[in-house]
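Participant: This is the structure, below, for whatever I ask next.
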Amino acid sequence: MFDKLSKRSGLTNTEIKILGFLISVFLIGIIYKTFFNNQENNPYLSFDYDEEDTKFYALTSDSLSLNNQKSSNINVDYKQEVLDFNTQNFKNIRKKILPAEKSINLNTASADELANLPGIGEKTAQKIIEYRQSIKRFKSIDQLLNVKNIGDKKLKQIRKYVYID
């Protein structure tokens, strides 16, 4: 039967089977909707959204007028607003004081002195000291590149503050 239909229509057997399936599903859907779908019991078909729409529009107009009143009457310190949300205590944070140029000797500097260099924190300062102890003393400022977390950019930042005796 499918062979005769495929020769007449120019479609393959698989295409005819798919087309037959689609037509049968379409017909079953029409029959179900016509005879078995009871529209009176469906609460979503008869719902009136007018009451919810009026609540929505009333809410948006009230909130817009409140926002306009707030923004026109109050000057807000936004930095303080952001800081109010932060629980960290900023009073205990130590600010870096940049040293004078060529003021830190790499072979004798303490961790605190090294931590004042731009881009160098306490951990990196400790790594510099550990590296200095392993090589006995710095012979060149470029040896700082062998310390973990110090690259060309960071070395360029701190080069003017350090020296070697």
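In the structure tokens, the first chain shown is A, the next is B, and so on; residue numbers restart at 1 for each chain, and ligands run from 1 in the order shown.
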For A:Phe2, list every protein, DNA or RNA residue within 8 Å, evaluated using only C-alpha atoms, and leave out those in the same chain fewer than 3 positions away; present the list as a list in words.
Facilitator: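 Counting only the stated atoms, we get Leu5, Ser6, Asn13 and Ile16 of chain A.
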Participant: In Å to one decimal, how far is atom CA of A:Gly121 from atom CA of A:Phe85?
Facilitator: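 According to the coordinates, atom CA of A:Phe85 and atom CA of A:Gly121 are separated by 26.5 Å.
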Participant: Nearest to A:Asn116: which of A:Phe21, A:Phe56, A:Phe47, A:Tyr161 is it, counting only C-alpha atoms?
Facilitator: A:Tyr161
Participant: May I have the residues within 9 Å of stretch 141-155 of chain A as a compact mmCIF listing (two decimals) with C-alpha atoms, in the first residue's frame, using only C-alpha atoms and disregarding those fewer than 3 positions away in the same chain?
Facilitator:
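So the final result, stored in out.txt, reads:
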# COMPACT_ATOMS: atom_id res chain seq x y z
CA LEU A 106 66.97 44.78 49.79
CA PRO A 118 53.59 49.49 46.04
CA GLY A 119 52.06 46.16 45.06
CA ILE A 120 53.83 44.25 47.85
CA THR A 124 55.08 38.79 49.33
CA LYS A 127 58.63 35.60 50.43
CA ILE A 128 61.25 38.22 49.55
CA TYR A 131 64.37 34.18 49.10
CA PHE A 138 70.85 40.11 46.59
CA ILE A 158 59.16 49.08 43.09
CA ARG A 159 62.54 49.49 41.33
CA VAL A 162 64.93 49.85 46.44
CA TYR A 163 68.69 49.62 46.20
CA ILE A 164 71.45 47.11 46.93
Participant: So how many Å separate atom CA of A:Ser103 and atom CA of A:Arg132, to one decimal?
Facilitator: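 Between these atoms lies a distance of 17.7 Å.
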Participant: Using only C-alpha atoms, which protein or nucleic acid residues come within 10 Å of A:Ile129? Drop anything in the same chain fewer than 5 positions from it, and give the result as an mmCIF file with N, CA and C atoms, in the first residue's frame.
Facilitator:
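See around09.cif below for the written result:
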data_model
loop_
_atom_site.group_PDB
_atom_site.id
_atom_site.type_symbol
_atom_site.label_atom_id
_atom_site.label_comp_id
_atom_site.auth_asym_id
_atom_site.auth_seq_id
_atom_site.Cartn_x
_atom_site.Cartn_y
_atom_site.Cartn_z
ATOM 1 N N LEU A 106 67.551 46.117 49.896
ATOM 2 C CA LEU A 106 66.968 44.779 49.789
ATOM 3 C C LEU A 106 67.672 43.760 50.677
ATOM 4 N N ASN A 107 68.910 43.967 50.982
ATOM 5 C CA ASN A 107 69.655 42.991 51.773
ATOM 6 C C ASN A 107 69.457 43.150 53.272
ATOM 7 N N THR A 108 68.901 44.276 53.722
ATOM 8 C CA THR A 108 68.715 44.480 55.165
ATOM 9 C C THR A 108 67.285 44.848 55.552
ATOM 10 N N ALA A 109 66.389 45.008 54.610
ATOM 11 C CA ALA A 109 65.026 45.493 54.899
ATOM 12 C C ALA A 109 64.219 44.450 55.651
ATOM 13 N N SER A 110 63.374 44.961 56.549
ATOM 14 C CA SER A 110 62.461 44.082 57.285
ATOM 15 C C SER A 110 61.194 43.859 56.456
ATOM 16 N N ALA A 111 60.352 42.954 56.928
ATOM 17 C CA ALA A 111 59.104 42.655 56.225
ATOM 18 C C ALA A 111 58.178 43.867 56.204
ATOM 19 N N LEU A 114 59.391 46.274 53.521
ATOM 20 C CA LEU A 114 59.085 45.756 52.180
ATOM 21 C C LEU A 114 57.589 45.821 51.887
ATOM 22 N N LYS A 123 52.545 38.971 52.708
ATOM 23 C CA LYS A 123 52.974 37.640 52.275
ATOM 24 C C LYS A 123 54.119 37.732 51.272
ATOM 25 N N THR A 124 54.012 38.650 50.324
ATOM 26 C CA THR A 124 55.076 38.788 49.331
ATOM 27 C C THR A 124 56.345 39.311 49.998
ATOM 28 N N SER A 134 67.716 32.406 51.364
ATOM 29 C CA SER A 134 68.186 31.241 50.612
ATOM 30 C C SER A 134 69.370 31.569 49.711
ATOM 31 N N ARG A 137 72.358 36.926 49.873
ATOM 32 C CA ARG A 137 72.177 38.360 49.673
ATOM 33 C C ARG A 137 71.878 38.622 48.201
ATOM 34 N N VAL A 147 61.227 35.728 42.897
ATOM 35 C CA VAL A 147 60.275 35.614 44.005
ATOM 36 C C VAL A 147 58.883 35.437 43.424
#
Participant: How many Å lie between atom CA of A:Val25 and atom CA of A:Arg8, rounded to one decimal?
Facilitator: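 Taking atom CA of A:Val25 as the start and atom CA of A:Arg8 as the end point, the length is 23.6 Å.
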